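The data block below is data-v9.pdb; it holds PDB, C-alpha atoms and all ligand atoms.
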```pdb
ATOM      1  CA  MET A   1    -168.768 -26.065  13.502
ATOM      2  CA  GLU A   2    -166.072 -26.731  16.065
ATOM      3  CA  HIS A   3    -163.207 -29.065  15.143
ATOM      4  CA  SER A   4    -164.134 -31.256  18.057
ATOM      5  CA  GLU A   5    -167.635 -31.824  16.730
ATOM      6  CA  LEU A   6    -166.227 -33.171  13.515
ATOM      7  CA  ALA A   7    -164.052 -35.525  15.450
ATOM      8  CA  VAL A   8    -166.939 -37.044  17.381
ATOM      9  CA  ARG A   9    -169.591 -37.293  14.674
ATOM     10  CA  ARG A  10    -171.116 -40.352  13.148
ATOM     11  CA  ILE A  11    -171.134 -43.164  15.578
ATOM     12  CA  ARG A  12    -174.158 -45.406  15.204
ATOM     13  CA  GLU A  13    -174.354 -47.001  18.607
ATOM     14  CA  GLY A  14    -171.980 -46.601  21.494
ATOM     15  CA  THR A  15    -170.234 -44.048  23.637
ATOM     16  CA  VAL A  16    -168.339 -40.865  23.002
ATOM     17  CA  ILE A  17    -166.172 -39.748  25.891
ATOM     18  CA  ASP A  18    -165.417 -36.101  25.352
ATOM     19  CA  HIS A  19    -163.494 -33.427  27.268
ATOM     20  CA  ILE A  20    -160.869 -35.798  28.599
ATOM     21  CA  ASP A  21    -157.921 -33.698  29.809
ATOM     22  CA  GLY A  22    -155.370 -33.556  26.990
ATOM     23  CA  GLY A  23    -152.885 -36.383  27.366
ATOM     24  CA  ARG A  24    -155.100 -38.578  29.552
ATOM     25  CA  GLY A  25    -156.830 -40.394  26.718
ATOM     26  CA  LEU A  26    -154.548 -43.402  26.631
ATOM     27  CA  GLN A  27    -154.805 -43.836  30.383
ATOM     28  CA  VAL A  28    -158.598 -43.806  30.026
ATOM     29  CA  LEU A  29    -158.446 -46.438  27.293
ATOM     30  CA  SER A  30    -156.373 -48.745  29.415
ATOM     31  CA  ALA A  31    -158.470 -48.147  32.537
ATOM     32  CA  LEU A  32    -161.628 -49.046  30.646
ATOM     33  CA  GLY A  33    -159.972 -52.009  28.981
ATOM     34  CA  ILE A  34    -160.681 -50.633  25.527
ATOM     35  CA  ASP A  35    -158.096 -52.063  23.148
ATOM     36  CA  GLY A  36    -160.147 -52.924  20.085
ATOM     37  CA  GLY A  37    -159.402 -56.579  20.717
ATOM     38  CA  ASP A  38    -163.094 -57.443  20.442
ATOM     39  CA  GLY A  39    -163.252 -56.005  16.953
ATOM     40  CA  SER A  40    -165.221 -52.929  17.962
ATOM     41  CA  GLN A  41    -164.471 -49.683  16.183
ATOM     42  CA  VAL A  42    -162.553 -47.310  18.420
ATOM     43  CA  THR A  43    -161.532 -43.797  17.477
ATOM     44  CA  VAL A  44    -159.139 -41.802  19.610
ATOM     45  CA  ALA A  45    -158.340 -38.139  19.118
ATOM     46  CA  LEU A  46    -155.514 -36.737  21.200
ATOM     47  CA  ASN A  47    -154.786 -33.083  21.925
ATOM     48  CA  VAL A  48    -157.741 -31.644  20.074
ATOM     49  CA  PRO A  49    -157.853 -27.856  20.535
ATOM     50  CA  SER A  50    -160.536 -26.989  23.065
ATOM     51  CA  GLY A  51    -161.095 -23.355  23.781
ATOM     52  CA  LYS A  52    -158.235 -20.942  23.350
ATOM     53  CA  PHE A  53    -155.553 -22.411  25.534
ATOM     54  CA  SER A  54    -156.380 -25.993  26.278
ATOM     55  CA  LYS A  55    -156.441 -29.369  24.649
ATOM     56  CA  LYS A  56    -158.601 -32.374  25.137
ATOM     57  CA  ASP A  57    -158.748 -36.005  24.168
ATOM     58  CA  ILE A  58    -161.808 -37.712  22.742
ATOM     59  CA  ILE A  59    -162.611 -41.413  22.585
ATOM     60  CA  LYS A  60    -165.478 -42.970  20.709
ATOM     61  CA  VAL A  61    -166.308 -46.595  21.004
ATOM     62  CA  GLU A  62    -168.829 -48.302  18.822
ATOM     63  CA  GLY A  63    -171.080 -50.815  20.555
ATOM     64  CA  ARG A  64    -170.029 -50.116  24.108
ATOM     65  CA  PHE A  65    -171.891 -48.417  26.926
ATOM     66  CA  LEU A  66    -170.125 -47.547  30.141
ATOM     67  CA  ARG A  67    -170.869 -49.276  33.420
ATOM     68  CA  ASP A  68    -170.727 -47.606  36.832
ATOM     69  CA  ASP A  69    -167.199 -48.908  37.392
ATOM     70  CA  ASP A  70    -166.107 -47.285  34.143
ATOM     71  CA  THR A  71    -167.718 -44.005  35.113
ATOM     72  CA  ASN A  72    -165.972 -44.057  38.486
ATOM     73  CA  LYS A  73    -162.591 -44.658  36.860
ATOM     74  CA  LEU A  74    -163.275 -41.813  34.471
ATOM     75  CA  ALA A  75    -164.213 -39.480  37.292
ATOM     76  CA  VAL A  76    -160.812 -40.041  38.862
ATOM     77  CA  ILE A  77    -158.671 -39.963  35.703
ATOM     78  CA  ALA A  78    -160.567 -37.339  33.707
ATOM     79  CA  PRO A  79    -162.927 -35.398  35.981
ATOM     80  CA  ARG A  80    -164.074 -33.025  33.248
ATOM     81  CA  ALA A  81    -165.059 -35.799  30.902
ATOM     82  CA  THR A  82    -168.540 -35.978  29.463
ATOM     83  CA  ILE A  83    -170.085 -39.267  28.507
ATOM     84  CA  ASN A  84    -172.339 -39.209  25.471
ATOM     85  CA  MET A  85    -174.435 -42.247  24.721
ATOM     86  CA  ILE A  86    -175.391 -42.630  21.104
ATOM     87  CA  ARG A  87    -178.157 -44.783  19.715
ATOM     88  CA  ASP A  88    -179.076 -44.846  16.072
ATOM     89  CA  TYR A  89    -176.738 -41.890  15.435
ATOM     90  CA  ARG A  90    -178.572 -39.772  18.010
ATOM     91  CA  LEU A  91    -177.355 -38.488  21.329
ATOM     92  CA  VAL A  92    -179.712 -40.110  23.823
ATOM     93  CA  GLU A  93    -177.950 -39.258  27.054
ATOM     94  CA  LYS A  94    -175.171 -36.967  28.171
ATOM     95  CA  ARG A  95    -173.570 -37.470  31.558
ATOM     96  CA  ARG A  96    -170.658 -36.011  33.416
ATOM     97  CA  ALA A  97    -168.222 -38.215  35.196
ATOM     98  CA  SER A  98    -168.758 -37.432  38.853
ATOM     99  CA  LEU A  99    -167.084 -38.777  41.928
ATOM    100  CA  PRO A 100    -169.178 -40.596  44.498
ATOM    101  CA  ASP A 101    -168.259 -40.305  48.212
ATOM    102  CA  ARG A 102    -166.547 -43.657  48.130
ATOM    103  CA  ILE A 103    -165.526 -46.138  45.510
ATOM    104  CA  GLY A 104    -165.564 -49.802  46.329
ATOM    105  CA  ARG A 105    -163.452 -52.591  44.852
ATOM    106  CA  ILE A 106    -162.153 -51.190  41.572
ATOM    107  CA  PHE A 107    -158.955 -49.457  42.724
ATOM    108  CA  ARG A 108    -156.151 -51.399  44.315
ATOM    109  CA  CYS A 109    -154.458 -49.906  47.367
ATOM    110  CA  ALA A 110    -150.787 -49.071  46.763
ATOM    111  CA  ASN A 111    -149.759 -50.232  50.220
ATOM    112  CA  PRO A 112    -148.587 -53.848  49.954
ATOM    113  CA  GLY A 113    -149.208 -54.268  53.665
ATOM    114  CA  CYS A 114    -152.836 -53.145  53.401
ATOM    115  CA  ILE A 115    -155.386 -55.722  54.461
ATOM    116  CA  THR A 116    -157.116 -55.319  51.099
ATOM    117  CA  ASN A 117    -153.943 -56.705  49.462
ATOM    118  CA  SER A 118    -153.670 -59.618  51.851
ATOM    119  CA  ARG A 119    -155.162 -63.037  51.459
ATOM    120  CA  GLU A 120    -158.175 -61.920  53.449
ATOM    121  CA  ARG A 121    -160.970 -61.392  51.006
ATOM    122  CA  ILE A 122    -161.566 -57.777  51.846
ATOM    123  CA  GLU A 123    -162.495 -55.466  49.014
ATOM    124  CA  SER A 124    -160.814 -52.094  48.779
ATOM    125  CA  VAL A 125    -162.772 -48.974  49.655
ATOM    126  CA  MET A 126    -161.464 -45.573  48.623
ATOM    127  CA  GLU A 127    -162.937 -42.579  50.387
ATOM    128  CA  VAL A 128    -163.066 -39.408  48.344
ATOM    129  CA  VAL A 129    -161.618 -36.861  50.764
ATOM    130  CA  ASP A 130    -161.140 -34.011  48.306
ATOM    131  CA  ARG A 131    -163.310 -33.803  45.241
ATOM    132  CA  GLU A 132    -161.530 -30.885  43.575
ATOM    133  CA  GLY A 133    -158.045 -32.197  44.191
ATOM    134  CA  ARG A 134    -159.164 -35.752  43.486
ATOM    135  CA  ILE A 135    -157.693 -37.122  46.660
ATOM    136  CA  LEU A 136    -158.829 -40.624  47.444
ATOM    137  CA  ARG A 137    -157.720 -42.454  50.537
ATOM    138  CA  CYS A 138    -157.894 -46.081  51.486
ATOM    139  CA  ARG A 139    -160.426 -46.625  54.239
ATOM    140  CA  TYR A 140    -158.331 -49.372  55.826
ATOM    141  CA  CYS A 141    -154.770 -48.021  55.858
ATOM    142  CA  SER A 142    -155.238 -44.331  54.921
ATOM    143  CA  ARG A 143    -152.767 -44.540  52.026
ATOM    144  CA  THR A 144    -153.594 -41.903  49.414
ATOM    145  CA  LEU A 145    -154.228 -43.081  45.868
ATOM    146  CA  ASP A 146    -151.719 -41.860  43.285
ATOM    147  CA  ILE A 147    -153.909 -41.061  40.315
ATOM    148  CA  ASP A 148    -150.978 -41.280  37.916
ATOM    149  CA  ARG A 149    -150.290 -44.845  38.985
ATOM    150  CA  LEU A 150    -153.671 -46.389  39.360
ATOM    151  CA  ARG A 151    -153.953 -50.120  39.667
ATOM    152  CA  TYR A 152    -157.170 -52.006  39.351
ATOM    153  CA  ASN A 153    -158.643 -55.056  40.963
TER     154      ASN A 153
HETATM  155 ZN    ZN A 201    -154.979 -49.622  51.987
END
```

How would this structure read if it were set down as structure tokens?
Ligand SMILES: [Zn+2]
Amino acid sequence: MEHSELAVRRIREGTVIDHIDGGRGLQVLSALGIDGGDGSQVTVALNVPSGKFSKKDIIKVEGRFLRDDDTNKLAVIAPRATINMIRDYRLVEKRRASLPDRIGRIFRCANPGCITNSRERIESVMEVVDREGRILRCRYCSRTLDIDRLRYN
């Protein structure tokens, strides 16, 4: 058995996010608002050996299933992540985080002068212009999203 399998076993009901790029786990936690504050059991494994030369982070959260917004955030922060939904200790669904063509609302544009940051009630729209390179660009002002400094609406 792989080390990683040990690390993700035995969750009764909830989500296991696996294959997060090593070192991105904490950013994923904060993006998804997972802080254990609601009393749910959260396990985080950082820099777990994965293959010969790489490392990955793993997060398992009891009692939580990801929404589309969460999946979109994951796709940007940790594009290789897999999302495993567990019910009654069994894997019922396995998904990959995948980027849609555009992502509405959740990311805040970094340009303070952007109309989406003004008092107009216009929701942000990020166009995915490069899937591989994870380049997202604001539809309104064309500012590129810095994925290391994401801010959320
Ligand atoms: Zn903008």

Margin query: Which residues are near A:Gly63? Cut-off 10 Å, only C-alpha atoms, ignore same chain within fewer than 3 positions. Put them as a PyMOL selection string.
Written below: chain A and resi 11-15+40-42+60+86-87

Next item on the list: List the residues matched by the PyMOL selection byres (((not hetatm)) within 7 of (chain A and resi 201)) in the displayed structure as a PyMOL selection string, ordered by chain and then by residue number.
Entry: chain A and resi 109-111+114-116+138-143

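Non-sequential neighbours of stretch 101-108 of chain A (distance at most 6 Å, separation of 3 or more positions within a chain, all atoms listed in the file) are Glu123, Ser124, Val125, Met126, Glu127, Val128, Arg151, Tyr152 and Asn153 of chain A.
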
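Among the candidates A:Gly22, A:Pro79, A:Pro100, A:Gly33, the one nearest to A:Pro49 when counting all atoms listed in the file is A:Gly22.
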
Notebook entry, point to check: On this structure, which residues satisfy the PyMOL selection byres (((chain A and resi 83) around 9) and not hetatm), written as an NGL selection string?
Noted result: :A and (15-19 or 66 or 71 or 81-82 or 84-85 or 93-97)

Notebook entry, point to check: Which residues match the PyMOL selection byres (((chain A and resi 148) around 12) and not hetatm) in the file above, as a VMD selection string?
Noted result: chain A and resid 23 to 24 27 to 28 31 76 to 78 110 134 to 135 144 to 147 149 to 151

Stretch 22-44 of chain A rebuilt with N, CA and C atoms, output as a CSV table (one decimal), in the coordinates of the input:
```csv
chain,number,residue,atom,x,y,z
A,22,GLY,N,-156.3,-33.2,28.0
A,22,GLY,CA,-155.4,-33.6,27.0
A,22,GLY,C,-154.2,-34.4,27.6
A,23,GLY,N,-154.0,-35.5,26.9
A,23,GLY,CA,-152.9,-36.4,27.4
A,23,GLY,C,-153.3,-37.5,28.3
A,24,ARG,N,-154.6,-37.5,28.7
A,24,ARG,CA,-155.1,-38.6,29.6
A,24,ARG,C,-155.8,-39.7,28.8
A,25,GLY,N,-156.0,-39.5,27.5
A,25,GLY,CA,-156.8,-40.4,26.7
A,25,GLY,C,-156.4,-41.8,26.8
A,26,LEU,N,-155.1,-42.0,26.7
A,26,LEU,CA,-154.5,-43.4,26.6
A,26,LEU,C,-154.7,-44.1,28.0
A,27,GLN,N,-154.6,-43.3,29.0
A,27,GLN,CA,-154.8,-43.8,30.4
A,27,GLN,C,-156.3,-44.3,30.5
A,28,VAL,N,-157.2,-43.5,30.0
A,28,VAL,CA,-158.6,-43.8,30.0
A,28,VAL,C,-158.8,-45.1,29.3
A,29,LEU,N,-158.3,-45.2,28.1
A,29,LEU,CA,-158.4,-46.4,27.3
A,29,LEU,C,-158.0,-47.7,28.1
A,30,SER,N,-156.9,-47.6,28.7
A,30,SER,CA,-156.4,-48.7,29.4
A,30,SER,C,-157.2,-49.0,30.7
A,31,ALA,N,-157.6,-48.0,31.3
A,31,ALA,CA,-158.5,-48.1,32.5
A,31,ALA,C,-159.8,-48.8,32.2
A,32,LEU,N,-160.3,-48.5,31.0
A,32,LEU,CA,-161.6,-49.0,30.6
A,32,LEU,C,-161.5,-50.4,29.9
A,33,GLY,N,-160.2,-50.8,29.7
A,33,GLY,CA,-160.0,-52.0,29.0
A,33,GLY,C,-160.4,-52.0,27.5
A,34,ILE,N,-160.3,-50.8,26.9
A,34,ILE,CA,-160.7,-50.6,25.5
A,34,ILE,C,-159.4,-50.8,24.7
A,35,ASP,N,-159.3,-51.9,24.0
A,35,ASP,CA,-158.1,-52.1,23.1
A,35,ASP,C,-158.4,-52.5,21.7
A,36,GLY,N,-159.7,-52.5,21.4
A,36,GLY,CA,-160.1,-52.9,20.1
A,36,GLY,C,-160.0,-54.4,19.8
A,37,GLY,N,-159.6,-55.1,20.9
A,37,GLY,CA,-159.4,-56.6,20.7
A,37,GLY,C,-160.7,-57.3,20.4
A,38,ASP,N,-161.8,-56.8,20.7
A,38,ASP,CA,-163.1,-57.4,20.4
A,38,ASP,C,-163.6,-57.1,19.1
A,39,GLY,N,-162.8,-56.3,18.3
A,39,GLY,CA,-163.3,-56.0,17.0
A,39,GLY,C,-164.1,-54.7,16.9
A,40,SER,N,-164.4,-54.1,18.0
A,40,SER,CA,-165.2,-52.9,18.0
A,40,SER,C,-164.4,-51.8,17.4
A,41,GLN,N,-165.1,-50.8,16.8
A,41,GLN,CA,-164.5,-49.7,16.2
A,41,GLN,C,-164.2,-48.6,17.3
A,42,VAL,N,-162.9,-48.3,17.4
A,42,VAL,CA,-162.6,-47.3,18.4
A,42,VAL,C,-161.8,-46.2,17.7
A,43,THR,N,-162.2,-45.0,18.0
A,43,THR,CA,-161.5,-43.8,17.5
A,43,THR,C,-161.0,-43.0,18.6
A,44,VAL,N,-159.8,-42.6,18.5
A,44,VAL,CA,-159.1,-41.8,19.6
A,44,VAL,C,-158.6,-40.5,19.0
```
